[in-house]
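A.B. asks: Here's a structure for you.
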Amino acid sequence: MRTIIFFDVDNTMYNNATGAIPNQTRKLLFELSKRDDVVLGLATGRGITKLSIIDEVLPLFTYKVLVNGAYVLKDDEVIFDDPISMDDLIEVIQLMEGSPLAIGLVGSHDEAVNKLSETVQNGMKSLRGLFPKVDPEFHLNHPIYQLWMFADHEKDILDMAEKMPKFRVYPWHQGGADFVYPEINKAFGIKKALEHETNYRLICVGDGANDIQMIELADVGIAMMNTRFHELKEKADHVAPHIMEDQLYDFFKKLGLV
């Protein structure tokens with residue numbers, strides 16, 4: 001039986017505060033990639049071109065579940081994609097007209113914001129490698145798989161989310177949130193990725209609100225200690241050390257997973 005391991009990127013595999021992959025995490029990924037009985041995957045809210053922050057390890061991953069499950073690759077070939085409909089995009093854009101909140105339009109390879117503000121810039125600082133252009137008509141020329149929303153206070157985002165029942169909101173650690181269709185999430189994307197896999201054990205590792213479903217899906221779910229989402233820890237089978245402690249290899253070894 002093979003083991004398939006999916007890792008979240010931001011603040012799980014990659015430390016956004018330091019701008020680097022922790023040494024033990026790098027060691028863990030390279031060692032796991034050499035095993036014939038292990039397949040690696042990543043699951044992230046990012047699009048493919050925004051994974052340059054992990055270029056050194058990116059070739060190790062067979063599966064890439066991107067933009068929270070709406071765009072899925074196997075060996076760099078698209079095996080699933082589900083963009084947001086134009087009607088739904090226009091409805092959101094009209095709703096946002098006159099609002100002080102900014103939104104982002106996320107494609108598979110690029111993204112844009114409808115306006116630039118200090119709030120947007122602060123939100124982007126927490127996600128290294130993302131520098132969206134300003135283009136309120138970006139959706140007219142690109143398939144959009146995910147929306148962002150930016151605000152100084154999370155309550156403002158959650159209040160707006162109540163006016164957008166077609167979408168589910170996943171708050172970031174600060175400054176913003178992802179919006180996707182309710183049926184789209186990382187667990188959904190992982191299921192699409194593994195449709196033709198058989199006889200495997202699934203391990204998932206993450207720290208965000210958008211990791212809860214994949215932690216539930218996994219045979220072994222691992223939450224990072226640095227998560228601010230209590231539900232993620234509750235759903236997980238294990239809690240790994242804080243990313244700043246750089247102990248992920250030792251943690252996997254202690255569990256007998258390497």
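Residue numbering restarts at 1 for every chain of the structure tokens, chains are lettered A, B, ... in their displayed order, and ligands are numbered from 1 as they appear.
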I'd like the neighbourhood of Phe179 of chain A as number ranges by chain, where a residue qualifies if any of its atoms comes within 7 Å (using only C-alpha atoms), though same-chain residues fewer than 4 positions away should be ignored.

C.D. replies: A: 146-148, 167-170

A.B. asks: Selection from above, N, CA and C atoms, as a PDB file, in the first residue's frame, can you write it?

C.D. replies:
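The result, stored in out-v2.pdb:
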```pdb
ATOM      1  N   GLN A 146     -11.331  31.744  -8.167  1.00  0.00           N
ATOM      2  CA  GLN A 146     -11.437  32.105  -6.752  1.00  0.00           C
ATOM      3  C   GLN A 146     -11.482  33.623  -6.625  1.00  0.00           C
ATOM      4  N   LEU A 147     -12.150  34.091  -5.591  1.00  0.00           N
ATOM      5  CA  LEU A 147     -12.161  35.515  -5.273  1.00  0.00           C
ATOM      6  C   LEU A 147     -11.418  35.751  -3.970  1.00  0.00           C
ATOM      7  N   TRP A 148     -10.780  36.894  -3.868  1.00  0.00           N
ATOM      8  CA  TRP A 148     -10.241  37.366  -2.600  1.00  0.00           C
ATOM      9  C   TRP A 148     -11.088  38.544  -2.125  1.00  0.00           C
ATOM     10  N   PHE A 167     -21.218  31.594  -2.336  1.00  0.00           N
ATOM     11  CA  PHE A 167     -19.811  31.348  -2.072  1.00  0.00           C
ATOM     12  C   PHE A 167     -19.567  30.993  -0.607  1.00  0.00           C
ATOM     13  N   ARG A 168     -18.477  30.279  -0.391  1.00  0.00           N
ATOM     14  CA  ARG A 168     -18.025  29.986   0.964  1.00  0.00           C
ATOM     15  C   ARG A 168     -16.761  30.789   1.228  1.00  0.00           C
ATOM     16  N   VAL A 169     -16.629  31.298   2.432  1.00  0.00           N
ATOM     17  CA  VAL A 169     -15.486  32.144   2.774  1.00  0.00           C
ATOM     18  C   VAL A 169     -14.500  31.366   3.642  1.00  0.00           C
ATOM     19  N   TYR A 170     -13.198  31.547   3.322  1.00  0.00           N
ATOM     20  CA  TYR A 170     -12.119  30.971   4.109  1.00  0.00           C
ATOM     21  C   TYR A 170     -11.172  32.095   4.532  1.00  0.00           C
TER      22      TYR A 170
END
```

A.B. asks: Would you kindly return, as a PyMOL selection string, each protein, DNA or RNA residue with an atom no farther than 8 Å from any atom of segment 44-57 of chain A, considering only C-alpha atoms and excluding same-chain residues fewer than 3 positions away?

C.D. replies: chain A and resi 8-10+14+19-21+26+29-30+60-61+65-69+106-110+128-130+178+186

A.B. asks: Write down as a PyMOL selection string the residues of segment 74-203 of chain A whose backbone DSSP state falls under alpha helix (DSSP H).

C.D. replies: chain A and resi 86-96+118-125+154-161+186-193

A.B. asks: Please indicate the distance in Å from atom CA of Lys27 of chain A to atom CA of Val220 of chain A, rounded to one decimal place.

C.D. replies: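 Computing the Euclidean distance for atom CA of Lys27 of chain A and atom CA of Val220 of chain A yields 20.6 Å.
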
A.B. asks: Given the choices A:Ser117, A:Asn199, A:Thr12, A:Thr25, which gets closest to Asp37 of chain A if the distance is worked out from only C-alpha atoms?

C.D. replies: A:Asn199

A.B. asks: Could you check how far atom CA of Ile79 of chain A sits from atom CA of Met149 of chain A, in Å to one decimal?

C.D. replies: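 One can read the atom CA of Ile79 of chain A to atom CA of Met149 of chain A distance as 27.7 Å.
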
A.B. asks: If I take atom CA of Leu232 of chain A and atom CA of Arg201 of chain A, how far is one from the other in Å, to one decimal?

C.D. replies: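 Separation of atom CA of Leu232 of chain A and atom CA of Arg201 of chain A: 20.0 Å.
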
A.B. asks: List the neighbours of segment 96-98 of chain A out to 12 Å using only C-alpha atoms; skip same-chain residues closer than 2 positions along the sequence, and give me the result as a ChimeraX atom specification.

C.D. replies: /A:89-94,100-104,114-115,136,149-150,157,160-161,163-164

A.B. asks: List the spatial neighbours of Thr62 of chain A as a count of residues only - criterion: any atom at most 9 Å away, only C-alpha atoms, same-chain residues fewer than 6 positions off excluded.

C.D. replies: 8

A.B. asks: Can you list, as JSON, numbers by chain, every protein, DNA or RNA residue that comes within 10 Å of Asp250 of chain A when you count only C-alpha atoms, leaving out same-chain residues fewer than 4 positions away?

C.D. replies: {"A": [24, 25, 28, 240, 241, 246, 254, 255, 256, 257, 258]}

A.B. asks: Restricting the calculation to only C-alpha atoms, which member of A:Asp81, A:Asp156, A:Glu245, A:Glu31 is positioned closest to Gly189 of chain A?

C.D. replies: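 Answer, going by the shortest atom-to-atom distance: A:Asp81.
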